[in-house]
$ cat entry35.cif   # mmCIF, C-alpha atoms and all ligand atoms
data_start
loop_
_atom_site.label_atom_id
_atom_site.label_comp_id
_atom_site.auth_asym_id
_atom_site.auth_seq_id
_atom_site.Cartn_x
_atom_site.Cartn_y
_atom_site.Cartn_z
CA MET A 18 -74.45 -44.71 -52.77
CA LYS A 19 -77.18 -42.48 -51.32
CA LYS A 20 -78.20 -39.28 -53.07
CA ASP A 21 -76.68 -37.00 -50.41
CA ILE A 22 -73.59 -36.67 -48.27
CA LEU A 23 -74.93 -35.02 -45.13
CA THR A 24 -72.62 -36.96 -42.82
CA LEU A 25 -70.05 -39.69 -43.40
CA LEU A 26 -72.58 -42.17 -42.01
CA ASP A 27 -74.29 -41.82 -45.40
CA LEU A 28 -71.36 -43.76 -46.89
CA SER A 29 -70.43 -47.42 -46.59
CA LYS A 30 -66.83 -48.59 -46.41
CA LYS A 31 -67.22 -49.57 -50.06
CA ASP A 32 -68.34 -46.03 -50.96
CA PHE A 33 -65.27 -44.59 -49.21
CA GLU A 34 -63.00 -46.97 -51.09
CA MET A 35 -64.64 -46.18 -54.42
CA LEU A 36 -64.21 -42.43 -53.80
CA PHE A 37 -60.52 -42.84 -52.84
CA GLU A 38 -59.87 -44.83 -55.99
CA LEU A 39 -61.74 -42.37 -58.21
CA ALA A 40 -60.06 -39.32 -56.61
CA LEU A 41 -56.62 -40.87 -57.19
CA GLU A 42 -57.52 -41.64 -60.81
CA LEU A 43 -58.80 -38.09 -61.39
CA LYS A 44 -55.71 -36.65 -59.69
CA LYS A 45 -53.46 -38.67 -61.99
CA LYS A 46 -55.39 -37.55 -65.07
CA HIS A 47 -55.16 -33.94 -63.91
CA LYS A 48 -51.38 -34.20 -63.39
CA ASN A 49 -51.05 -35.70 -66.88
CA GLN A 50 -53.27 -32.96 -68.32
CA ILE A 51 -55.88 -35.45 -69.50
CA ALA A 52 -59.31 -33.81 -69.56
CA ASP A 53 -62.28 -35.72 -68.16
CA MET A 54 -65.50 -33.73 -68.58
CA PRO A 55 -68.46 -35.97 -67.82
CA LEU A 56 -70.49 -33.13 -66.25
CA ALA A 57 -70.79 -30.89 -69.33
CA GLY A 58 -74.14 -29.12 -69.18
CA LYS A 59 -74.53 -29.77 -65.43
CA THR A 60 -74.63 -27.11 -62.73
CA LEU A 61 -73.52 -27.12 -59.09
CA GLY A 62 -75.06 -24.57 -56.72
CA LEU A 63 -72.86 -23.60 -53.77
CA LEU A 64 -75.16 -22.14 -51.13
CA PHE A 65 -72.86 -20.71 -48.44
CA ASP A 66 -73.82 -19.02 -45.21
CA LYS A 67 -70.29 -18.99 -43.72
CA GLN A 68 -66.92 -17.94 -45.11
CA SER A 69 -64.76 -20.35 -47.07
CA THR A 70 -61.56 -20.34 -49.10
CA ARG A 71 -60.66 -23.98 -49.72
CA THR A 72 -64.05 -25.70 -49.84
CA ARG A 73 -65.66 -23.10 -52.07
CA ILE A 74 -62.82 -22.71 -54.56
CA SER A 75 -62.01 -26.42 -54.73
CA PHE A 76 -65.66 -27.33 -55.39
CA GLU A 77 -65.94 -24.56 -58.00
CA THR A 78 -62.72 -25.63 -59.71
CA ALA A 79 -63.71 -29.30 -59.47
CA MET A 80 -66.98 -28.59 -61.27
CA ILE A 81 -65.24 -26.56 -64.01
CA GLN A 82 -62.58 -29.24 -64.55
CA LEU A 83 -65.34 -31.84 -64.91
CA GLY A 84 -66.93 -29.75 -67.66
CA GLY A 85 -69.78 -28.37 -65.54
CA THR A 86 -70.61 -24.92 -64.17
CA PRO A 87 -70.58 -23.81 -60.53
CA ILE A 88 -72.85 -21.05 -59.27
CA PHE A 89 -71.88 -19.46 -55.96
CA ILE A 90 -74.93 -18.40 -53.94
CA SER A 91 -74.28 -16.25 -50.90
CA ALA A 92 -77.15 -17.22 -48.59
CA LYS A 93 -77.42 -13.72 -47.17
CA ASP A 94 -78.19 -12.40 -50.66
CA THR A 95 -81.07 -14.81 -51.22
CA GLN A 96 -84.66 -14.66 -50.02
CA ILE A 97 -83.68 -17.16 -47.29
CA ALA A 98 -82.28 -14.13 -45.46
CA ARG A 99 -85.79 -12.65 -45.67
CA ASP A 100 -87.31 -15.81 -44.21
CA GLU A 101 -88.41 -17.65 -47.34
CA PRO A 102 -88.88 -21.19 -46.00
CA VAL A 103 -86.11 -23.69 -46.65
CA ARG A 104 -88.61 -26.16 -48.09
CA ASP A 105 -89.62 -23.62 -50.76
CA THR A 106 -86.05 -22.65 -51.60
CA ALA A 107 -85.08 -26.31 -51.81
CA ARG A 108 -87.84 -27.14 -54.28
CA VAL A 109 -87.06 -24.10 -56.44
CA LEU A 110 -83.30 -24.71 -56.55
CA SER A 111 -83.95 -28.33 -57.52
CA LYS A 112 -85.46 -27.00 -60.75
CA TYR A 113 -82.32 -25.03 -61.64
CA VAL A 114 -79.18 -26.86 -60.53
CA ASP A 115 -78.11 -30.51 -60.60
CA CYS A 116 -76.47 -30.61 -57.18
CA LEU A 117 -76.21 -28.37 -54.12
CA ALA A 118 -73.19 -27.98 -51.83
CA ILE A 119 -74.31 -26.21 -48.67
CA ARG A 120 -72.23 -24.56 -45.93
CA THR A 121 -74.35 -23.41 -43.03
CA TYR A 122 -74.68 -23.45 -39.26
CA SER A 123 -77.38 -25.97 -38.52
CA GLN A 124 -77.26 -29.62 -39.54
CA LYS A 125 -81.07 -29.63 -39.19
CA LEU A 126 -81.38 -26.98 -41.88
CA LEU A 127 -79.18 -29.09 -44.16
CA GLU A 128 -81.42 -32.09 -43.47
CA GLU A 129 -84.46 -30.03 -44.36
CA PHE A 130 -82.84 -29.09 -47.67
CA SER A 131 -82.16 -32.75 -48.32
CA LYS A 132 -85.76 -33.66 -47.57
CA PHE A 133 -87.24 -31.16 -50.01
CA THR A 134 -84.73 -31.36 -52.88
CA THR A 135 -84.76 -33.84 -55.73
CA ILE A 136 -81.04 -33.29 -56.41
CA PRO A 137 -77.99 -34.48 -54.43
CA VAL A 138 -77.10 -32.33 -51.41
CA ILE A 139 -73.53 -32.17 -50.11
CA ASN A 140 -72.55 -30.95 -46.66
CA ALA A 141 -69.78 -28.38 -47.21
CA LEU A 142 -69.56 -27.84 -43.39
CA THR A 143 -72.07 -27.31 -40.64
CA ASP A 144 -71.58 -26.67 -36.92
CA THR A 145 -71.85 -30.44 -36.44
CA TYR A 146 -69.93 -32.07 -39.29
CA HIS A 147 -67.44 -31.48 -42.14
CA PRO A 148 -67.62 -34.80 -44.04
CA CYS A 149 -65.91 -33.85 -47.32
CA GLN A 150 -62.92 -32.55 -45.35
CA ILE A 151 -62.29 -35.97 -43.85
CA LEU A 152 -62.79 -37.70 -47.22
CA SER A 153 -59.97 -35.66 -48.73
CA ASP A 154 -57.87 -35.90 -45.57
CA LEU A 155 -58.07 -39.68 -45.67
CA LEU A 156 -56.84 -39.51 -49.26
CA THR A 157 -53.81 -37.60 -47.93
CA VAL A 158 -53.32 -40.22 -45.21
CA ILE A 159 -53.45 -42.99 -47.84
CA GLU A 160 -50.85 -41.20 -49.97
CA HIS A 161 -48.46 -40.60 -47.09
CA LYS A 162 -48.99 -43.76 -45.06
CA GLY A 163 -49.99 -46.29 -47.70
CA GLY A 164 -53.41 -46.79 -46.08
CA TYR A 165 -55.36 -46.09 -42.92
CA GLU A 166 -55.55 -49.54 -41.41
CA GLY A 167 -53.51 -50.27 -38.30
CA ILE A 168 -52.19 -46.73 -37.89
CA LYS A 169 -52.75 -44.48 -34.89
CA ILE A 170 -54.59 -41.26 -35.73
CA THR A 171 -54.62 -38.61 -33.00
CA TRP A 172 -56.83 -35.56 -32.81
CA VAL A 173 -55.65 -32.72 -30.54
CA GLY A 174 -58.00 -29.87 -29.69
CA ASP A 175 -61.68 -29.10 -29.80
CA GLY A 176 -64.33 -31.85 -30.06
CA ASN A 177 -65.83 -29.92 -32.98
CA ASN A 178 -67.45 -30.50 -36.39
CA VAL A 179 -64.23 -31.81 -37.97
CA SER A 180 -63.61 -34.18 -35.05
CA HIS A 181 -67.18 -35.49 -35.36
CA SER A 182 -66.59 -36.38 -38.99
CA TRP A 183 -63.37 -38.16 -37.97
CA ILE A 184 -65.41 -40.13 -35.45
CA ASN A 185 -67.92 -41.13 -38.14
CA ALA A 186 -65.11 -42.21 -40.45
CA ALA A 187 -63.48 -44.14 -37.61
CA PHE A 188 -66.53 -46.30 -37.04
CA VAL A 189 -67.33 -46.88 -40.73
CA LEU A 190 -63.72 -47.70 -41.66
CA GLY A 191 -62.55 -49.27 -38.39
CA LEU A 192 -59.90 -46.64 -37.63
CA ASN A 193 -57.76 -46.37 -34.51
CA LEU A 194 -58.61 -42.82 -33.38
CA THR A 195 -57.53 -41.07 -30.18
CA LEU A 196 -58.91 -37.65 -29.33
CA ALA A 197 -57.24 -35.36 -26.79
CA CYS A 198 -59.61 -32.55 -25.82
CA PRO A 199 -59.86 -30.32 -22.73
CA GLU A 200 -62.55 -31.24 -20.20
CA GLY A 201 -65.79 -29.60 -21.30
CA PHE A 202 -64.78 -29.65 -24.97
CA PHE A 203 -65.14 -33.35 -25.73
CA PRO A 204 -66.97 -34.47 -28.89
CA ASP A 205 -70.72 -34.83 -28.56
CA GLN A 206 -71.52 -38.17 -26.92
CA LYS A 207 -74.76 -38.53 -28.92
CA ILE A 208 -72.76 -38.28 -32.14
CA ILE A 209 -70.36 -40.96 -30.91
CA GLU A 210 -73.24 -43.29 -30.01
CA LYS A 211 -74.91 -42.78 -33.40
CA ALA A 212 -71.65 -43.59 -35.19
CA ARG A 213 -70.91 -46.58 -32.96
CA ASP A 214 -73.91 -48.39 -34.47
CA LYS A 215 -72.27 -48.24 -37.91
CA GLY A 216 -69.12 -50.20 -37.31
CA SER A 217 -66.19 -51.12 -35.19
CA GLY A 218 -63.67 -48.32 -34.84
CA LYS A 219 -61.45 -48.00 -31.79
CA ILE A 220 -61.96 -44.61 -30.18
CA VAL A 221 -60.15 -43.28 -27.11
CA ILE A 222 -60.97 -39.89 -25.62
CA THR A 223 -58.61 -38.28 -23.13
CA SER A 224 -57.31 -34.92 -21.92
CA ASP A 225 -53.72 -36.15 -21.85
CA THR A 226 -52.10 -34.80 -25.02
CA LEU A 227 -48.77 -36.60 -24.50
CA GLU A 228 -50.47 -39.97 -24.02
CA ALA A 229 -52.62 -39.32 -27.09
CA ALA A 230 -49.64 -38.32 -29.23
CA LYS A 231 -47.49 -41.26 -28.10
CA ASP A 232 -46.55 -43.34 -31.16
CA ALA A 233 -49.12 -41.50 -33.30
CA ASP A 234 -48.74 -41.87 -37.06
CA VAL A 235 -51.01 -38.92 -37.74
CA ILE A 236 -51.57 -35.88 -35.52
CA TYR A 237 -54.46 -33.66 -36.56
CA THR A 238 -55.58 -30.35 -35.15
CA ASP A 239 -58.06 -27.57 -35.90
CA VAL A 240 -58.89 -24.10 -34.57
CA TRP A 241 -59.87 -23.60 -30.93
CA ALA A 242 -62.88 -21.45 -31.88
CA SER A 243 -64.83 -22.46 -34.97
CA MET A 244 -66.90 -20.18 -37.16
CA GLY A 245 -69.83 -18.98 -35.07
CA GLN A 246 -67.84 -19.25 -31.80
CA GLU A 247 -65.85 -16.04 -32.23
CA ASN A 248 -67.25 -14.56 -29.00
CA GLU A 249 -65.91 -17.55 -27.03
CA HIS A 250 -62.39 -17.00 -28.30
CA ILE A 251 -60.93 -15.57 -25.07
CA VAL A 252 -62.42 -18.30 -22.84
CA ARG A 253 -61.33 -20.98 -25.29
CA LYS A 254 -57.78 -19.59 -25.56
CA GLN A 255 -57.44 -20.17 -21.84
CA ALA A 256 -59.05 -23.65 -21.86
CA PHE A 257 -56.97 -24.89 -24.80
CA LYS A 258 -53.59 -23.36 -23.95
CA SER A 259 -51.94 -26.71 -23.26
CA PHE A 260 -53.46 -28.26 -26.42
CA GLN A 261 -51.02 -26.93 -28.97
CA VAL A 262 -49.44 -29.26 -31.53
CA ASP A 263 -45.81 -28.37 -30.97
CA LYS A 264 -42.33 -29.92 -31.00
CA LYS A 265 -42.91 -31.58 -27.60
CA LEU A 266 -45.84 -33.59 -28.96
CA LEU A 267 -43.94 -34.62 -32.07
CA GLU A 268 -41.11 -35.96 -29.90
CA VAL A 269 -43.35 -38.73 -28.49
CA ALA A 270 -45.07 -39.53 -31.79
CA ALA A 271 -43.86 -42.01 -34.41
CA LYS A 272 -40.67 -40.79 -36.12
CA ASP A 273 -42.43 -40.38 -39.46
CA VAL A 274 -45.62 -38.84 -38.01
CA ILE A 275 -47.54 -36.56 -40.35
CA VAL A 276 -49.17 -33.42 -39.01
CA MET A 277 -52.50 -32.40 -40.45
CA HIS A 278 -54.73 -29.33 -40.17
CA CYS A 279 -57.82 -28.62 -42.26
CA LEU A 280 -56.86 -24.90 -42.28
CA PRO A 281 -57.20 -22.00 -41.77
CA ALA A 282 -54.55 -22.28 -39.03
CA HIS A 283 -53.81 -19.97 -36.13
CA ARG A 284 -50.07 -20.15 -35.62
CA GLY A 285 -49.16 -19.99 -31.95
CA GLU A 286 -52.60 -21.28 -30.87
CA GLU A 287 -53.55 -24.83 -31.92
CA ILE A 288 -50.26 -25.32 -33.79
CA SER A 289 -46.80 -23.81 -33.51
CA GLU A 290 -45.32 -22.02 -36.50
CA GLU A 291 -42.39 -24.41 -36.45
CA VAL A 292 -44.60 -27.51 -36.71
CA LEU A 293 -46.97 -26.05 -39.30
CA GLU A 294 -44.02 -25.12 -41.52
CA GLY A 295 -41.92 -28.14 -40.53
CA LYS A 296 -41.08 -31.33 -42.39
CA HIS A 297 -43.86 -33.42 -40.81
CA SER A 298 -46.59 -31.05 -41.96
CA VAL A 299 -48.72 -32.18 -44.94
CA VAL A 300 -51.26 -29.36 -44.76
CA TRP A 301 -50.69 -28.14 -48.33
CA ASP A 302 -51.22 -31.66 -49.68
CA GLN A 303 -54.45 -31.77 -47.70
CA ALA A 304 -55.61 -28.52 -49.24
CA GLU A 305 -54.76 -29.81 -52.73
CA ASN A 306 -56.59 -33.09 -52.21
CA LYS A 307 -59.84 -31.25 -51.54
CA LEU A 308 -59.92 -30.51 -55.28
CA HIS A 309 -59.39 -34.14 -56.31
CA MET A 310 -61.79 -35.57 -53.76
CA HIS A 311 -64.48 -33.03 -54.58
CA LYS A 312 -64.19 -34.05 -58.23
CA ALA A 313 -64.73 -37.68 -57.22
CA VAL A 314 -67.75 -36.72 -55.11
CA LEU A 315 -69.34 -34.58 -57.85
CA LYS A 316 -68.71 -37.10 -60.61
CA THR A 317 -70.25 -39.86 -58.49
CA LEU A 318 -73.31 -37.95 -57.26
CA ILE A 319 -74.18 -35.99 -60.39
CA SER A 320 -73.62 -38.63 -63.03
CA ARG A 321 -75.53 -41.30 -61.10
N1 LIG A 401 -60.76 -26.56 -44.63
C1 LIG A 401 -61.78 -25.78 -45.04
O1 LIG A 401 -62.94 -26.19 -45.09
O2 LIG A 401 -61.40 -24.52 -45.37
P1 LIG A 401 -62.37 -23.34 -45.81
O3 LIG A 401 -63.13 -22.89 -44.60
O4 LIG A 401 -61.44 -22.28 -46.35
O5 LIG A 401 -63.31 -23.86 -46.87
N1 LIG A 402 -63.81 -26.20 -37.20
C1 LIG A 402 -63.60 -25.16 -38.19
C2 LIG A 402 -63.28 -25.77 -39.51
C3 LIG A 402 -63.00 -24.78 -40.62
C4 LIG A 402 -62.70 -25.42 -41.92
C5 LIG A 402 -64.82 -24.27 -38.28
O1 LIG A 402 -65.94 -24.80 -38.27
O2 LIG A 402 -64.67 -23.05 -38.33
#
$ encode --input "entry35.cif" --output "structure tokens"
Amino acid sequence: MKKDILTLLDLSKKDFEMLFELALELKKKHKNQIADMPLAGKTLGLLFDKQSTRTRISFETAMIQLGGTPIFISAKDTQIARDEPVRDTARVLSKYVDCLAIRTYSQKLLEEFSKFTTIPVINALTDTYHPCQILSDLLTVIEHKGGYEGIKITWVGDGNNVSHSWINAAFVLGLNLTLACPEGFFPDQKIIEKARDKGSGKIVITSDTLEAAKDADVIYTDVWASMGQENEHIVRKQAFKSFQVDKKLLEVAAKDVIVMHCLPAHRGEEISEEVLEGKHSVVWDQAENKLHMHKAVLKTLISR
């Protein structure tokens, strides 16, 4: 496995499978209160430039449960905010911590960190991708559906960072992925083309939510305006108003469809209250699995 996880294209199908297996093993140990602390004496830096509840706390807890120490670094409180070059910060942080999880706006900035660090760098969300989210979400799919092969996974909403990571996973793992997005909010075509080179997923993109949800085994949604797009919220609310995951969509899906959302959710926008709180929703399992998957990622990258 490569040193970094900047996008899911950094992983092979074998890497995905190894991480699923390890995450399930670590989850089982955790449930049975068996300690596994291979990262004693190691440190994870979490350099965050955007808000986070789940990703931050699950990575911090993951590191502690593995015997290591997390250090949260608010980017705005570092010299980066006073224009210290990324390449200098990257080289300095490499001398202190054993791994860096970075949440920021630009994927290019993350790539620059990767270039100038000697430690593993993990993408904890950028404007373009959210790879670790999809790793843990696939673990949830495996637990609820027994696997990801041959099932129909449907994305409803914005062609955003989370959807791009689904697209990467689809090509590497050969998923059957349908995305229903409003015109003008489709995933980035360049990202699709880059992922297409990596494998053989089946991807359909449409604006017809009912067609997309028909017979779906998994329906996934995310916010209409991502972090950094707050000033587009009113325009987006209008453009996305018929892209809500609600009872009508579930009626055409497979009877045992699971509904997923990376959270935070906006009830009454991308998902109805009744569906989010309903029996098909697995969103709390998704949130939990971020902890177990992040442990698998840290154990793999840091103890290499
Ligand atoms: N799903 C997710 O990444 O949540 P946070 O923004 O709270 O980390
Ligand atoms: N697309 C969302 C995901 C949040 C976890 C955002 O970038 O804000």
$ closest_atom_pairs --input "entry35.cif" --of "chain A" --to "ligand LIG 401 (chain A)" --cutoff "6 Å" --atoms "all atoms listed in the file" --output "Markdown table"
| residue | atom | partner | partner_atom | distance |
| --- | --- | --- | --- | --- |
| A:Ser69 | CA | A:LIG401 | O5 | 3.8 |
| A:Thr70 | CA | A:LIG401 | O4 | 3.4 |
| A:Arg71 | CA | A:LIG401 | O4 | 3.9 |
| A:Thr72 | CA | A:LIG401 | O5 | 3.6 |
| A:Arg73 | CA | A:LIG401 | O5 | 5.8 |
| A:Cys279 | CA | A:LIG401 | N1 | 4.3 |
| A:Leu280 | CA | A:LIG401 | N1 | 4.8 |
$ residues_around --input "entry35.cif" --residues "Ala40 of chain A" --least-positions-apart "4" --cutoff "6 Å" --atoms "all atoms listed in the file" --output "short mmCIF file (atom, residue, chain, number, x, y, z; two decimals) with C-alpha atoms, keeping the file's coordinate frame"
data_model
loop_
_atom_site.label_atom_id
_atom_site.label_comp_id
_atom_site.auth_asym_id
_atom_site.auth_seq_id
_atom_site.Cartn_x
_atom_site.Cartn_y
_atom_site.Cartn_z
CA LEU A 36 -64.21 -42.43 -53.80
CA LYS A 44 -55.71 -36.65 -59.69
CA HIS A 309 -59.39 -34.14 -56.31
CA MET A 310 -61.79 -35.57 -53.76
CA ALA A 313 -64.73 -37.68 -57.22
#
$ residues_near_ligand --input "entry35.cif" --ligand "ligand LIG 402 (chain A)" --cutoff "10 Å" --atoms "only C-alpha atoms and all ligand atoms" --output "ChimeraX atom specification"
/A:67-72,120-122,141-147,150,175-180,238-247,278-282
$ closest_residue --input "entry35.cif" --among "A:Ile170, A:Ile81, A:Leu28, A:Leu41" --to "Leu194 of chain A" --atoms "only C-alpha atoms"
A:Ile170
$ closest_residue --input "entry35.cif" --among "A:Ile319, A:Val314, A:Thr157, A:Ala118" --to "Leu43 of chain A" --atoms "only C-alpha atoms"
A:Val314
$ axis_aligned_box --input "entry35.cif" --around "segment 161-168 of chain A" --padding-each-side "4 Å" --output "lines of an AutoDock Vina configuration file"
center_x = -52.0
center_y = -45.4
center_z = -42.8
size_x = 15.1
size_y = 17.7
size_z = 17.8
$ closest_residue --input "entry35.cif" --among "A:Asn193, A:Asn49, A:Ser75, A:Thr60" --to "Pro137 of chain A" --atoms "all atoms listed in the file"
A:Thr60
$ closest_residue --input "entry35.cif" --among "A:Gln206, A:Thr24, A:Asn248, A:Ser182" --to "Gln124 of chain A" --atoms "only C-alpha atoms"
A:Thr24
$ atom_distance --input "entry35.cif" --atom1 "atom CA of Ile119 of chain A" --atom2 "atom CA of Ser217 of chain A"
29.5 Å
$ residues_around --input "entry35.cif" --residues "Gly191 of chain A" --least-positions-apart "3" --cutoff "12 Å" --atoms "only C-alpha atoms" --output "list in words"
Ser29, Lys30, Tyr165, Glu166, Gly167, Ile168, Lys169, Ile170, Trp183, Ile184, Asn185, Ala186, Ala187, Phe188, Leu194, Ala212, Arg213, Lys215, Gly216, Ser217, Gly218, Lys219 and Ile220 of chain A
$ residues_around --input "entry35.cif" --residues "Ser111 of chain A" --least-positions-apart "4" --cutoff "9 Å" --atoms "only C-alpha atoms" --output "JSON, numbers by chain"
{"A": [106, 107, 115, 116, 117, 133, 134, 135, 136]}
$ atom_distance --input "entry35.cif" --atom1 "atom CA of Thr223 of chain A" --atom2 "atom CA of Ala270 of chain A"
16.1 Å
$ closest_residue --input "entry35.cif" --among "A:Ser131, A:Lys316, A:Gly295, A:Leu39" --to "Gly85 of chain A" --atoms "all atoms listed in the file"
A:Lys316
$ closest_residue --input "entry35.cif" --among "A:Ser259, A:Pro102, A:Ala57, A:Asp21" --to "Pro87 of chain A" --atoms "all atoms listed in the file"
A:Ala57
$ residues_around --input "entry35.cif" --residues "Ser320 of chain A" --least-positions-apart "3" --cutoff "8 Å" --atoms "only C-alpha atoms" --output "list in words"
Pro55, Leu56, Leu315, Lys316 and Thr317 of chain A
$ residues_around --input "entry35.cif" --residues "Met54 of chain A" --least-positions-apart "5" --cutoff "8 Å" --atoms "all atoms listed in the file" --output "number ranges by chain"
A: 82-85
